[in-house]
Amino acid sequence: MSRAEDSLRSRTEELNRIKEAARGGDERATGAQRAKGKLTARERIALLLDKDSFTEVEPLRRHRATGFGLEAKRPHTDGVVTGWGTVEGRTVFVYAHDFRIFGGALGEAHAAKIHKIMDMAIAAGAPLVSLNDGAGARIQEGVSALAGYGGIFRRNTRASGVIPQISVMLGPCAGGAAYSPALTDFVFMVRDTSQMFITGPDVVRAVTGEEITQNGLGGADVHARTSGVAHFAYDDEETCLAEVRYLLGLLPANNRELAPVERSGDPAGRRCEALLDLVPVRPGQAYDVRAVIEEVVDGGEHFEVHPAWARNLVCSLARLDGHVVGIVANNPAVCAGVLDIEASEKGARFVQFCDAFNIPLVTLVDVPGFLPGVEQEHDGIIRRGAKLLYAYCNATVPRISLVLRKAYGGAYIVMDSRSIGADLALAWPANEIAVMGAEGAANVVFRREIAAAEDPGAVRAERIAEYREQLMHPYYAAERGLVDDVIDPRDTRAVLVRSLEMLRAKDADIPARKHGNPPQ
C-alpha cells in the first residue's frame, strides 16, 4: 500500500479482511470437521450464547514458535477462540478449541489466551464455560505447551467455589488435558464424537494387551455411567449446548450472589395429594423417588445431575417458589436406595457445590443403610463414605432433611440428620428411624431367647413387633427432639417453602482455619 493510499479507512478495511479470514478458517479443515458430525468453534459459541452477544478477546493472537515448520504456519487465534457474551442476559465467559487449527492442540500462545480469559472470568465474577475439542499439547512446542496446562489447572483450582466452571467435551481430550475438566464443576459430553482418557487405546494395547476402542475406553456413556467423570451425556451438540444454557440459568454468577429467582406460577402452598399414593408404607417396597421430587418442586421440573451414575442416590437442582434448591434423595427403585461408595462420592460432590454457591439443600431420606460386602469394604467405603458425611457437616447453607420412610443406622446420620447440623429435621408419619430394621434388631437383641424357644418363629415375630412398637414408631424421634415435626405429606411443598423462606437469612459461624482436610 502506497503512502497516498494509506488512510484510517484503508487500514480499517485491512483489519476487517484479516478478522473475516480468521473467522472463516480453512475451507478444507472446516469440511473435515463437518464430516465428523461436529460444529466449528464459532458455531458452538453462537449456540451457547445469546444472539450477537459475543465479544472476542485476542482474535489476532499468533504463536511465535519456530522449528518443525511452525514458523511458516502462524494462523490468527492460534487454535482457540476466547471471549465473553451473555446467556439469558447474564455474563458468561467462554473459550472454544478450534480443531481446524493445529487440531486444537495447546501451545504457548494458545494457553496464554485461555489463561487471560480465565483470569477475566474470576475478576468479573462470572461463570466460565470451556468448549473442548483438542488434540492435547502441541508437541512441536515442547515443555512450553505443558507449562500452559499447568497454568490452566492452577486457575481451575483458584476458581473452584468462586465461579461456576462447566466443561463441554465436543471432541478428543487425552493425557494431562483431561485433568482440567475433572477440576471443574460439571462435565458435559456428546456421544460418539467426544472421548476422555489419560492413555489412549494404543498405549493400553501396548502395555496390557487389551483391545478397546476410543469410545469403549473413554466415550460419553462410559464416563456418564461407569466412571462418573461426566455428569451429562447427549446425542448431539445442539442439545448438549441447550442444556448447558439451562444449567447456567439455575446457577449464581459467583459465590457472593444467589441463584436467579424465577417464579413459575406454581402456588407456594399447593397441596400434594399424590404423595399419599407414591410412597408405600412397607419399608421394603420399591418406588422411584424422582416422582416425589416432581410432585413437590415448581412445575414438576428438576435438573438431575449424574442421572446415569450411582442411580441409588438422586441429586437434582430445582426451584421451590422460584428459588433454586439442591435436592439429595435416596432412590429405593435402585438397590433399595442403599448408600455405597459411588453414591457417597456423588452426593458429597453435589453437596459441596451447592454449599459453595449458596444453594439451600433439601434431603429426602429413605435409606436402609450402607451397602455391606467385602468389595465395598476393601474399596474403602469407610473413607469414601465419609466424604458425604464431611460435606454435610461442613455445609453452611440452609439445610432441611425429610425422612420419607425408613432411616437406619449410620446412613441415617450421614443423610443430613439433626445431629450433624440440619437446620430442620422433618418426617412423614410412616417414618422408621432406628439403628437397624426391626427384623435385624430382633435377631441381635433376642438371639438367645429365639434360639431356646419351642417355637422360634413365633417368638421372633413377637419380638420384632415389640421392638417396632417401642423404638420404631413414627413419633419416637420427635419425642426426643431428633425430628422437629412429623408432617402431613400433602403439606410437604408448603412446609419446605415456608422453612426455606425463614432460613434465607441464615448466618452460620465458620471456624477460623486455612481449609479442612476431607477424607479422600
# chains A, B, ... in the order shown; residues from 1 in each chain; ligands from 1

call {"tool": "select_by_dssp", "arguments": {"residues": "range 294-456 of chain A", "states": "alpha helix (DSSP H)", "output": "ChimeraX atom specification"}}
result
/A:294-296,341-356,374-378,381-394,409-414,438-445,447-452,456

call {"tool": "residues_around", "arguments": {"residues": "Leu278 in chain A", "least_positions_apart": "6", "cutoff": "9 Å", "atoms": "only C-alpha atoms", "output": "PyMOL selection string"}}
result
chain A and resi 287-289+291-292

call {"tool": "write_last_selection", "arguments": {"atoms": "all heavy atoms", "output": "mmCIF file, in the first residue's frame"}}
result
data_model
loop_
_atom_site.group_PDB
_atom_site.id
_atom_site.type_symbol
_atom_site.label_atom_id
_atom_site.label_comp_id
_atom_site.auth_asym_id
_atom_site.auth_seq_id
_atom_site.Cartn_x
_atom_site.Cartn_y
_atom_site.Cartn_z
ATOM 1 N N TYR A 287 -40.010 -47.797 45.105
ATOM 2 C CA TYR A 287 -40.667 -46.725 44.363
ATOM 3 C C TYR A 287 -39.572 -45.788 43.873
ATOM 4 O O TYR A 287 -38.450 -45.805 44.368
ATOM 5 C CB TYR A 287 -41.679 -45.968 45.240
ATOM 6 C CG TYR A 287 -41.041 -45.178 46.368
ATOM 7 C CD1 TYR A 287 -40.699 -43.838 46.199
ATOM 8 C CD2 TYR A 287 -40.747 -45.786 47.584
ATOM 9 C CE1 TYR A 287 -40.093 -43.116 47.223
ATOM 10 C CE2 TYR A 287 -40.142 -45.076 48.617
ATOM 11 C CZ TYR A 287 -39.821 -43.744 48.428
ATOM 12 O OH TYR A 287 -39.204 -43.038 49.428
ATOM 13 N N ASP A 288 -39.900 -44.966 42.893
ATOM 14 C CA ASP A 288 -38.923 -44.036 42.320
ATOM 15 C C ASP A 288 -39.075 -42.672 42.991
ATOM 16 O O ASP A 288 -40.113 -42.012 42.852
ATOM 17 C CB ASP A 288 -39.133 -43.894 40.812
ATOM 18 C CG ASP A 288 -37.955 -43.242 40.107
ATOM 19 O OD1 ASP A 288 -37.283 -42.395 40.737
ATOM 20 O OD2 ASP A 288 -37.706 -43.557 38.933
ATOM 21 N N VAL A 289 -38.056 -42.252 43.723
ATOM 22 C CA VAL A 289 -38.137 -41.002 44.479
ATOM 23 C C VAL A 289 -38.245 -39.784 43.564
ATOM 24 O O VAL A 289 -38.684 -38.716 43.997
ATOM 25 C CB VAL A 289 -36.932 -40.873 45.430
ATOM 26 C CG1 VAL A 289 -35.673 -40.445 44.660
ATOM 27 C CG2 VAL A 289 -37.220 -39.887 46.560
ATOM 28 N N ALA A 291 -40.380 -39.309 41.358
ATOM 29 C CA ALA A 291 -41.801 -38.944 41.294
ATOM 30 C C ALA A 291 -42.185 -38.052 42.477
ATOM 31 O O ALA A 291 -43.014 -37.144 42.338
ATOM 32 C CB ALA A 291 -42.653 -40.210 41.279
ATOM 33 N N VAL A 292 -41.568 -38.286 43.625
ATOM 34 C CA VAL A 292 -41.815 -37.435 44.791
ATOM 35 C C VAL A 292 -41.264 -36.030 44.534
ATOM 36 O O VAL A 292 -41.929 -35.023 44.813
ATOM 37 C CB VAL A 292 -41.158 -38.048 46.049
ATOM 38 C CG1 VAL A 292 -41.287 -37.108 47.248
ATOM 39 C CG2 VAL A 292 -41.773 -39.405 46.365
#

call {"tool": "residues_around", "arguments": {"residues": "range 119-127 of chain A", "least_positions_apart": "4", "cutoff": "7 Å", "atoms": "only C-alpha atoms", "output": "list in words"}}
result
Thr91, Val92, Phe93, His115, Ala159, Ile163, Pro164, Gln165, Ala253 and Asn254 of chain A

call {"tool": "write_last_selection", "arguments": {"atoms": "N, CA and C atoms", "output": "short mmCIF file (atom, residue, chain, number, x, y, z; two decimals), in the first residue's frame"}}
result
data_model
loop_
_atom_site.label_atom_id
_atom_site.label_comp_id
_atom_site.auth_asym_id
_atom_site.auth_seq_id
_atom_site.Cartn_x
_atom_site.Cartn_y
_atom_site.Cartn_z
N THR A 91 -23.81 -12.39 32.09
CA THR A 91 -22.46 -12.53 31.52
C THR A 91 -21.89 -13.93 31.74
N VAL A 92 -21.31 -14.49 30.68
CA VAL A 92 -20.64 -15.79 30.73
C VAL A 92 -19.36 -15.69 29.90
N PHE A 93 -18.26 -16.20 30.44
CA PHE A 93 -17.00 -16.25 29.69
C PHE A 93 -16.85 -17.63 29.06
N HIS A 115 -5.51 -18.58 29.68
CA HIS A 115 -5.19 -18.02 31.00
C HIS A 115 -5.84 -16.65 31.17
N ALA A 159 -10.38 -20.88 40.82
CA ALA A 159 -11.77 -20.51 40.53
C ALA A 159 -12.78 -21.44 41.21
N ILE A 163 -16.43 -19.18 41.04
CA ILE A 163 -17.35 -19.04 39.90
C ILE A 163 -17.70 -20.44 39.40
N PRO A 164 -18.89 -20.64 38.87
CA PRO A 164 -19.21 -21.94 38.26
C PRO A 164 -18.32 -22.20 37.05
N GLN A 165 -17.81 -23.41 36.95
CA GLN A 165 -16.98 -23.81 35.82
C GLN A 165 -17.62 -25.03 35.16
N ALA A 253 -23.98 -16.27 39.52
CA ALA A 253 -22.80 -15.89 38.75
C ALA A 253 -21.52 -16.21 39.50
N ASN A 254 -21.57 -16.14 40.83
CA ASN A 254 -20.38 -16.39 41.64
C ASN A 254 -20.81 -16.72 43.07
#

call {"tool": "closest_residue", "arguments": {"among": "A:Asp277, A:Val362, A:Leu339, A:Arg61", "to": "Cys315 in chain A", "atoms": "only C-alpha atoms"}}
result
A:Val362

call {"tool": "closest_residue", "arguments": {"among": "A:Gly67, A:Ile198, A:Thr193, A:Ala135", "to": "Arg34 in chain A", "atoms": "only C-alpha atoms"}}
result
A:Thr193

call {"tool": "atom_distance", "arguments": {"atom1": "CA of Glu304 in chain A", "atom2": "CA of Ile117 in chain A"}}
result
29.2 Å

call {"tool": "residues_around", "arguments": {"residues": "range 239-247 of chain A", "least_positions_apart": "6", "cutoff": "12 Å", "atoms": "only C-alpha atoms", "output": "JSON list (two decimals) with C-alpha atoms, in the first residue's frame"}}
result
[["chain", "number", "residue", "atom", "x", "y", "z"],
["A", 39, "LEU", "CA", -19.64, -27.96, 14.53],
["A", 43, "GLU", "CA", -20.85, -22.19, 15.63],
["A", 44, "ARG", "CA", -20.71, -23.72, 19.10],
["A", 45, "ILE", "CA", -20.25, -20.34, 20.75],
["A", 46, "ALA", "CA", -23.21, -18.99, 18.75],
["A", 47, "LEU", "CA", -25.40, -21.81, 20.10],
["A", 48, "LEU", "CA", -24.23, -21.30, 23.67],
["A", 49, "LEU", "CA", -24.56, -17.52, 23.92],
["A", 50, "ASP", "CA", -27.38, -15.08, 23.25],
["A", 86, "THR", "CA", -24.47, -13.47, 27.71],
["A", 87, "VAL", "CA", -26.84, -16.35, 28.44],
["A", 88, "GLU", "CA", -30.35, -15.05, 29.12],
["A", 89, "GLY", "CA", -28.78, -11.62, 29.58],
["A", 90, "ARG", "CA", -26.21, -12.73, 32.21],
["A", 91, "THR", "CA", -22.46, -12.53, 31.52],
["A", 92, "VAL", "CA", -20.64, -15.79, 30.73],
["A", 127, "PRO", "CA", -19.26, -18.38, 35.00],
["A", 128, "LEU", "CA", -16.66, -19.96, 32.70],
["A", 129, "VAL", "CA", -17.58, -22.47, 30.01],
["A", 130, "SER", "CA", -14.89, -24.37, 28.09],
["A", 131, "LEU", "CA", -15.78, -26.00, 24.76],
["A", 164, "PRO", "CA", -19.21, -21.94, 38.26],
["A", 165, "GLN", "CA", -16.98, -23.81, 35.82],
["A", 166, "ILE", "CA", -18.52, -26.01, 33.12],
["A", 167, "SER", "CA", -16.55, -28.23, 30.70],
["A", 168, "VAL", "CA", -18.22, -29.31, 27.47],
["A", 169, "MET", "CA", -16.45, -32.17, 25.71],
["A", 170, "LEU", "CA", -17.05, -31.97, 21.96],
["A", 185, "ASP", "CA", -17.96, -28.33, 38.48],
["A", 186, "PHE", "CA", -19.81, -30.04, 35.62],
["A", 187, "VAL", "CA", -18.73, -32.08, 32.60],
["A", 188, "PHE", "CA", -20.97, -32.47, 29.53],
["A", 189, "MET", "CA", -20.15, -34.98, 26.76],
["A", 190, "VAL", "CA", -21.53, -35.78, 23.30],
["A", 191, "ARG", "CA", -21.86, -39.41, 22.27],
["A", 194, "SER", "CA", -16.13, -36.90, 22.43],
["A", 220, "ALA", "CA", -19.56, -40.33, 26.78],
["A", 231, "HIS", "CA", -22.28, -35.54, 34.65],
["A", 232, "PHE", "CA", -24.29, -35.48, 31.41],
["A", 233, "ALA", "CA", -24.21, -37.22, 28.00],
["A", 253, "ALA", "CA", -22.80, -15.89, 38.75],
["A", 259, "ALA", "CA", -29.12, -18.05, 42.05],
["A", 260, "PRO", "CA", -31.67, -16.15, 39.93],
["A", 301, "GLU", "CA", -39.23, -29.70, 36.78],
["A", 302, "HIS", "CA", -35.86, -30.71, 38.17],
["A", 303, "PHE", "CA", -32.43, -30.93, 36.55],
["A", 304, "GLU", "CA", -30.84, -34.21, 37.62],
["A", 305, "VAL", "CA", -27.04, -34.31, 37.95],
["A", 316, "SER", "CA", -31.07, -32.53, 41.37],
["A", 317, "LEU", "CA", -31.36, -28.78, 41.02],
["A", 318, "ALA", "CA", -34.93, -27.47, 41.12],
["A", 324, "VAL", "CA", -33.20, -22.70, 43.41]]

call {"tool": "residues_around", "arguments": {"residues": "His76 in chain A", "least_positions_apart": "5", "cutoff": "8 Å", "atoms": "only C-alpha atoms", "output": "ChimeraX atom specification"}}
result
/A:22,59-62

call {"tool": "write_last_selection", "arguments": {"atoms": "N, CA and C atoms", "output": "PDB file, in the first residue's frame"}}
result
ATOM      1  N   ALA A  22      -9.859 -14.824   9.596  1.00  0.00           N
ATOM      2  CA  ALA A  22      -9.662 -15.594  10.826  1.00  0.00           C
ATOM      3  C   ALA A  22     -10.959 -16.278  11.249  1.00  0.00           C
ATOM      4  N   PRO A  59      -8.361 -11.992  19.040  1.00  0.00           N
ATOM      5  CA  PRO A  59      -8.586 -12.744  17.798  1.00  0.00           C
ATOM      6  C   PRO A  59      -7.380 -12.731  16.867  1.00  0.00           C
ATOM      7  N   LEU A  60      -6.458 -11.777  17.073  1.00  0.00           N
ATOM      8  CA  LEU A  60      -5.301 -11.659  16.185  1.00  0.00           C
ATOM      9  C   LEU A  60      -4.048 -12.334  16.756  1.00  0.00           C
ATOM     10  N   ARG A  61      -4.181 -13.010  17.883  1.00  0.00           N
ATOM     11  CA  ARG A  61      -3.015 -13.648  18.518  1.00  0.00           C
ATOM     12  C   ARG A  61      -2.452 -14.724  17.595  1.00  0.00           C
ATOM     13  N   ARG A  62      -1.103 -14.762  17.508  1.00  0.00           N
ATOM     14  CA  ARG A  62      -0.406 -15.786  16.723  1.00  0.00           C
ATOM     15  C   ARG A  62       0.770 -16.311  17.537  1.00  0.00           C
TER      16      ARG A  62
END

call {"tool": "residues_around", "arguments": {"residues": "Phe102 in chain A", "least_positions_apart": "3", "cutoff": "8 Å", "atoms": "only C-alpha atoms", "output": "PyMOL selection string"}}
result
chain A and resi 79+99+105+138

call {"tool": "residues_around", "arguments": {"residues": "Gly421 in chain A", "least_positions_apart": "6", "cutoff": "12 Å", "atoms": "only C-alpha atoms", "output": "list of chain:residue names"}}
result
A:Leu361, A:Leu389, A:Tyr390, A:Ala391, A:Tyr392, A:Cys393, A:Asn394, A:Ala395, A:Thr396, A:Val397, A:Pro398, A:Arg399, A:Ile400, A:Ser401, A:Ile413, A:Val414, A:Met415, A:Leu482, A:Ala508

call {"tool": "write_last_selection", "arguments": {"atoms": "all heavy atoms", "output": "CSV table (one decimal), in the first residue's frame"}}
result
chain,number,residue,atom,x,y,z
A,361,LEU,N,-30.1,-26.8,50.7
A,361,LEU,CA,-30.1,-28.2,50.5
A,361,LEU,C,-31.4,-28.8,51.1
A,361,LEU,O,-31.7,-28.5,52.3
A,361,LEU,CB,-28.9,-28.9,51.1
A,361,LEU,CG,-27.6,-28.7,50.3
A,361,LEU,CD1,-26.4,-29.0,51.2
A,361,LEU,CD2,-27.5,-29.5,49.1
A,389,LEU,N,-20.5,-37.5,54.6
A,389,LEU,CA,-20.7,-37.0,56.0
A,389,LEU,C,-19.9,-35.7,56.2
A,389,LEU,O,-20.5,-34.7,56.7
A,389,LEU,CB,-20.1,-38.1,56.9
A,389,LEU,CG,-20.1,-37.7,58.4
A,389,LEU,CD1,-21.5,-37.4,58.9
A,389,LEU,CD2,-19.4,-38.8,59.2
A,390,TYR,N,-18.7,-35.6,55.7
A,390,TYR,CA,-17.9,-34.4,55.8
A,390,TYR,C,-18.6,-33.3,55.1
A,390,TYR,O,-18.6,-32.1,55.6
A,390,TYR,CB,-16.5,-34.7,55.2
A,390,TYR,CG,-15.5,-33.5,55.4
A,390,TYR,CD1,-14.6,-33.5,56.5
A,390,TYR,CD2,-15.5,-32.4,54.6
A,390,TYR,CE1,-13.7,-32.5,56.7
A,390,TYR,CE2,-14.6,-31.4,54.7
A,390,TYR,CZ,-13.7,-31.4,55.8
A,390,TYR,OH,-12.8,-30.4,56.0
A,391,ALA,N,-19.1,-33.5,53.8
A,391,ALA,CA,-19.7,-32.5,53.0
A,391,ALA,C,-20.9,-31.9,53.8
A,391,ALA,O,-21.0,-30.6,53.8
A,391,ALA,CB,-20.1,-33.0,51.7
A,392,TYR,N,-21.7,-32.7,54.3
A,392,TYR,CA,-22.9,-32.2,55.0
A,392,TYR,C,-22.5,-31.4,56.3
A,392,TYR,O,-23.0,-30.3,56.6
A,392,TYR,CB,-23.8,-33.3,55.4
A,392,TYR,CG,-24.9,-33.7,54.4
A,392,TYR,CD1,-25.0,-34.9,53.9
A,392,TYR,CD2,-25.8,-32.7,54.0
A,392,TYR,CE1,-26.0,-35.2,53.0
A,392,TYR,CE2,-26.8,-33.0,53.1
A,392,TYR,CZ,-26.9,-34.3,52.6
A,392,TYR,OH,-27.9,-34.5,51.7
A,393,CYS,N,-21.6,-32.0,57.1
A,393,CYS,CA,-21.1,-31.4,58.3
A,393,CYS,C,-20.5,-30.0,58.1
A,393,CYS,O,-20.6,-29.1,58.9
A,393,CYS,CB,-20.1,-32.3,59.1
A,393,CYS,SG,-20.9,-33.7,59.8
A,394,ASN,N,-19.9,-29.9,56.9
A,394,ASN,CA,-19.1,-28.7,56.6
A,394,ASN,C,-20.0,-27.6,55.9
A,394,ASN,O,-19.6,-26.4,55.8
A,394,ASN,CB,-18.0,-29.0,55.6
A,394,ASN,CG,-16.9,-28.0,55.6
A,394,ASN,OD1,-16.5,-27.5,56.7
A,394,ASN,ND2,-16.4,-27.6,54.4
A,395,ALA,N,-21.2,-28.0,55.5
A,395,ALA,CA,-22.1,-27.1,54.7
A,395,ALA,C,-22.8,-26.0,55.6
A,395,ALA,O,-23.2,-26.4,56.7
A,395,ALA,CB,-23.2,-27.9,54.0
A,396,THR,N,-22.8,-24.8,55.2
A,396,THR,CA,-23.4,-23.7,56.0
A,396,THR,C,-24.6,-23.1,55.4
A,396,THR,O,-25.2,-22.2,55.9
A,396,THR,CB,-22.3,-22.6,56.2
A,396,THR,OG1,-21.9,-22.1,54.9
A,396,THR,CG2,-21.1,-23.1,57.0
A,397,VAL,N,-25.0,-23.6,54.2
A,397,VAL,CA,-26.3,-23.1,53.6
A,397,VAL,C,-27.5,-23.7,54.4
A,397,VAL,O,-27.3,-24.6,55.2
A,397,VAL,CB,-26.4,-23.6,52.1
A,397,VAL,CG1,-25.3,-22.9,51.3
A,397,VAL,CG2,-26.2,-25.1,52.0
A,398,PRO,N,-28.7,-23.1,54.2
A,398,PRO,CA,-29.8,-23.7,54.8
A,398,PRO,C,-30.0,-25.2,54.4
A,398,PRO,O,-29.8,-25.6,53.2
A,398,PRO,CB,-31.0,-22.9,54.2
A,398,PRO,CG,-30.4,-21.5,53.9
A,398,PRO,CD,-29.0,-21.9,53.4
A,399,ARG,N,-30.3,-26.0,55.4
A,399,ARG,CA,-30.3,-27.5,55.2
A,399,ARG,C,-31.6,-28.0,55.9
A,399,ARG,O,-31.8,-27.8,57.1
A,399,ARG,CB,-29.1,-28.1,55.8
A,399,ARG,CG,-27.8,-27.8,55.1
A,399,ARG,CD,-26.6,-28.0,56.0
A,399,ARG,NE,-26.6,-29.3,56.7
A,399,ARG,CZ,-25.7,-29.6,57.6
A,399,ARG,NH1,-24.8,-28.7,58.0
A,399,ARG,NH2,-25.7,-30.8,58.2
A,400,ILE,N,-32.4,-28.7,55.1
A,400,ILE,CA,-33.6,-29.3,55.6
A,400,ILE,C,-33.6,-30.8,55.2
A,400,ILE,O,-33.4,-31.1,54.1
A,400,ILE,CB,-34.9,-28.6,55.1
A,400,ILE,CG1,-34.9,-27.2,55.4
A,400,ILE,CG2,-36.2,-29.3,55.6
A,400,ILE,CD1,-36.1,-26.4,54.8
A,401,SER,N,-33.8,-31.7,56.2
A,401,SER,CA,-33.9,-33.1,55.9
A,401,SER,C,-35.4,-33.5,56.2
A,401,SER,O,-36.0,-33.1,57.1
A,401,SER,CB,-32.9,-33.9,56.7
A,401,SER,OG,-33.3,-33.9,58.1
A,413,ILE,N,-27.7,-41.0,59.9
A,413,ILE,CA,-26.9,-39.9,60.4
A,413,ILE,C,-26.3,-39.1,59.3
A,413,ILE,O,-26.3,-37.9,59.2
A,413,ILE,CB,-25.8,-40.4,61.4
A,413,ILE,CG1,-26.4,-41.1,62.6
A,413,ILE,CG2,-24.9,-39.2,61.8
A,413,ILE,CD1,-25.3,-41.8,63.5
A,414,VAL,N,-25.7,-39.8,58.3
A,414,VAL,CA,-25.0,-39.2,57.2
A,414,VAL,C,-25.9,-38.4,56.3
A,414,VAL,O,-25.6,-37.3,55.8
A,414,VAL,CB,-24.3,-40.3,56.4
A,414,VAL,CG1,-23.8,-39.7,55.1
A,414,VAL,CG2,-23.1,-40.9,57.2
A,415,MET,N,-27.2,-38.9,56.2
A,415,MET,CA,-28.1,-38.2,55.3
A,415,MET,C,-28.7,-36.9,55.9
A,415,MET,O,-29.9,-36.7,56.0
A,415,MET,CB,-29.2,-39.1,54.8
A,415,MET,CG,-28.8,-40.2,53.9
A,415,MET,SD,-28.2,-39.6,52.3
A,415,MET,CE,-29.7,-38.9,51.6
A,482,LEU,N,-35.2,-35.2,68.0
A,482,LEU,CA,-34.3,-35.5,66.9
A,482,LEU,C,-35.1,-35.2,65.6
A,482,LEU,O,-34.4,-35.2,64.5
A,482,LEU,CB,-33.9,-37.0,66.9
A,482,LEU,CG,-33.0,-37.3,68.2
A,482,LEU,CD1,-32.7,-38.8,68.2
A,482,LEU,CD2,-31.7,-36.5,68.2
A,508,ALA,N,-24.2,-18.5,59.4
A,508,ALA,CA,-23.6,-19.6,60.1
A,508,ALA,C,-22.1,-19.2,60.4
A,508,ALA,O,-21.4,-18.6,59.7
A,508,ALA,CB,-23.5,-20.9,59.2
